[in-house]
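Asks: Got a structure for you, written out below as structure tokens; questions coming shortly.
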Amino acid sequence: MIPGMEPLPLPLEGITVVAVEQAVAAPFATRQLADLGARVIKVERIDGGDFARGYDTAAGGLASHFVWCNRGKESIALDLKDPRGIDVVRRLVADADVFVQNLAHGAAARLGLDAATLCAAHPRLVAVDVSGYGPDGPYAGKRAYDMLVQCEAGLVSVTGTPELPVKAGIPVADIAAGMYAFSGVLAALVRRGVSGRGGPVEVSMLDALAEWMGHPLHHAMHGGTPPARTGLAHAVIAPYDAYPTADGWGSPHAPSGQWGRVLLSVQNDREWRRLAEQVLERPELGTDPDFATNAARVANRERTDALVGRALGGLGADEAVARLEGAGVACARLRNVQEVAQHPQLAARERWREVGSPVGPLRALLPPITLPGGGEARMGDVPALGEHTVALLRAVGMADTEIAALRRDGVVA
């Protein structure tokens, strides 16, 4: 809090979001809105809900993707093939500020839930269509899953080793689309505050990830060659790679589950001279013509890497990091996922919280956006399927007899 000032409310308090969403891209976007104070009503299928609920059972019996993307939401389970289910969505949208959907191509339009239709009926509504490839063009109707879009956007061509292209280890196309949908909603809400009108927002996974390909894309388009795949090494800087330490892979001294590798980055020749003197303990390499400049080190990459590898291979990872930091050379531990969950920086900054769920409290990170002077992000519970169905139906004016009939007919769950 800022001393002497009243705490500010969360920026999206009072905003209501209705989302007909599934998988990652749209749910990730609306979770950001929920964390910042918005009320998010998640419309799910009656037969199992968002299919991400079934991806795995790793989070105490719940799916890890679902837990990650859906805290802080209210779940209503509806059959949208029944006109009565669509009527409920329309009632919810009538009182909403934002609507988000990422149904298969054409499905929202057939239901009358596309952004253009809803915004024509509700001029203040911000309505977001999230798609794989956009609303038109030859790819509009193609199925678009994260790894497929990584391939279409060229990400896989620049990721991996010289011998083997690989996908990113996280659903980066989904995340990119989700973050642009999130920022698109914020921009549209600002515009509405000025003009009084909401309007449609379109985001596609391909557009989002192609934007993130900016450096290699511009490099190749404007006369350069596409960047080579170099694993953890940098294509045009040396040394810039991960190197095994004495307690690394295969070592009897390796701590259980730890990788024991340190990545370092030498950005200029001054840093190389410090590395040579203080870490490699070979000060003459600082002026050796074969290594004194970055161009020379890149030309002699194998020899450069061998020198660094020998030096770090005789040190434990902690000692290697201490030596590199003492020499003013940028470095990092190559951590596995379990180590990230125990990262000392995240712990020191108290970034972990617990959120409620149908299986009890689950550990979760605070969102990256911090707003000093206001309340902490609202990290609500992960909802059970249809947990809020009855309360939401009552809120749109339905009597208990109507609700009972809908439940009896399988329209709600």
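Letters A, B, ... go to the chains of the structure tokens in the order shown; residues in each chain start at 1; ligands are counted from 1 in the same order.
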Please provide the set of residues having any atom within 10 Å of Pro165 (chain A), restricted to only C-alpha atoms, with same-chain residues fewer than 5 positions apart removed, written as a list in words.

Replies: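 These residues fall inside the cut-off: Cys151, Leu155, Val156, Ser157, Val158, Thr159, Gly160, Arg229, Thr230 and Gly231 of chain A.
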
Asks: Output all heavy atoms of each residue in that selection to a file, as a tab-separated table (two decimals), in the first residue's frame.

Replies:
chain	number	residue	atom	x	y	z
A	151	CYS	N	3.65	-25.01	-35.62
A	151	CYS	CA	4.24	-25.41	-36.90
A	151	CYS	C	3.92	-24.40	-38.00
A	151	CYS	O	4.80	-23.98	-38.76
A	151	CYS	CB	3.74	-26.80	-37.31
A	151	CYS	SG	4.35	-28.14	-36.28
A	155	LEU	N	7.46	-21.39	-35.62
A	155	LEU	CA	8.21	-21.45	-34.36
A	155	LEU	C	9.05	-22.72	-34.29
A	155	LEU	O	10.21	-22.69	-33.86
A	155	LEU	CB	7.23	-21.39	-33.18
A	155	LEU	CG	7.87	-21.55	-31.79
A	155	LEU	CD1	8.81	-20.39	-31.50
A	155	LEU	CD2	6.82	-21.67	-30.71
A	156	VAL	N	8.47	-23.83	-34.72
A	156	VAL	CA	9.19	-25.10	-34.64
A	156	VAL	C	10.45	-25.08	-35.50
A	156	VAL	O	11.44	-25.73	-35.17
A	156	VAL	CB	8.24	-26.24	-35.05
A	156	VAL	CG1	8.98	-27.57	-35.19
A	156	VAL	CG2	7.12	-26.37	-34.02
A	157	SER	N	10.44	-24.28	-36.57
A	157	SER	CA	11.61	-24.25	-37.46
A	157	SER	C	12.81	-23.57	-36.83
A	157	SER	O	13.94	-23.76	-37.30
A	157	SER	CB	11.25	-23.53	-38.77
A	157	SER	OG	11.18	-22.12	-38.58
A	158	VAL	N	12.60	-22.77	-35.78
A	158	VAL	CA	13.72	-22.08	-35.15
A	158	VAL	C	13.97	-22.57	-33.72
A	158	VAL	O	14.78	-22.00	-33.00
A	158	VAL	CB	13.49	-20.55	-35.14
A	158	VAL	CG1	13.40	-20.02	-36.55
A	158	VAL	CG2	12.25	-20.15	-34.35
A	159	THR	N	13.28	-23.64	-33.32
A	159	THR	CA	13.40	-24.16	-31.96
A	159	THR	C	13.90	-25.60	-32.02
A	159	THR	O	13.36	-26.40	-32.77
A	159	THR	CB	12.04	-24.13	-31.25
A	159	THR	OG1	11.52	-22.81	-31.29
A	159	THR	CG2	12.17	-24.56	-29.79
A	160	GLY	N	14.91	-25.90	-31.24
A	160	GLY	CA	15.46	-27.25	-31.22
A	160	GLY	C	16.94	-27.26	-31.52
A	160	GLY	O	17.64	-26.26	-31.34
A	229	ARG	N	18.81	-23.38	-35.86
A	229	ARG	CA	18.46	-23.99	-34.57
A	229	ARG	C	19.75	-24.35	-33.85
A	229	ARG	O	20.60	-25.06	-34.40
A	229	ARG	CB	17.60	-25.24	-34.78
A	229	ARG	CG	16.23	-24.95	-35.35
A	229	ARG	CD	15.37	-26.22	-35.36
A	229	ARG	NE	15.99	-27.27	-36.13
A	229	ARG	CZ	15.86	-27.42	-37.45
A	229	ARG	NH1	15.12	-26.55	-38.13
A	229	ARG	NH2	16.46	-28.40	-38.08
A	230	THR	N	19.90	-23.88	-32.63
A	230	THR	CA	21.16	-24.07	-31.92
A	230	THR	C	20.97	-24.63	-30.51
A	230	THR	O	21.85	-24.50	-29.67
A	230	THR	CB	21.92	-22.73	-31.83
A	230	THR	OG1	21.08	-21.74	-31.23
A	230	THR	CG2	22.37	-22.26	-33.19
A	231	GLY	N	19.81	-25.24	-30.24
A	231	GLY	CA	19.58	-25.76	-28.90
A	231	GLY	C	19.57	-24.63	-27.90
A	231	GLY	O	18.90	-23.61	-28.08

Asks: Could you list, as an MDAnalysis selection string, every residue within 8 Å of region 124-131 of chain A, counting only C-alpha atoms and ignoring same-chain residues fewer than 3 positions away?

Replies: chainID A and resid 25:26 96:105 114:116 118:119 134:135 144 177 181 185 188:189 192 196:205

Asks: Go through A:Gly380, A:Gly328, A:Gly193, A:Gly169 and flag the residue nearest Met147 (chain A), using only C-alpha atoms for the distances.

Replies: A:Gly169

Asks: Of the candidates A:Asp50, A:Glu284, A:Asp305, A:Asp400, which one gets nearest to Val24 (chain A) if we count only C-alpha atoms?

Replies: A:Asp50

Asks: DSSP on the backbone, strand (DSSP E or B) only: what residues of region 13-200 of chain A does that give? Format it as a ChimeraX atom specification.

Replies: /A:16-20,39-44,59,62,73-78,98-101,126-131,160,165,199-200

Asks: I'd like the interatomic distance between CA of Arg110 (chain A) and CA of Gly132 (chain A), to a tenth of an Å.

Replies: 17.7 Å

Asks: To one decimal in Å, tell me the separation between CA of Ala246 (chain A) and CA of Ala348 (chain A).

Replies: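 That distance, rounded to one decimal, is 27.4 Å.
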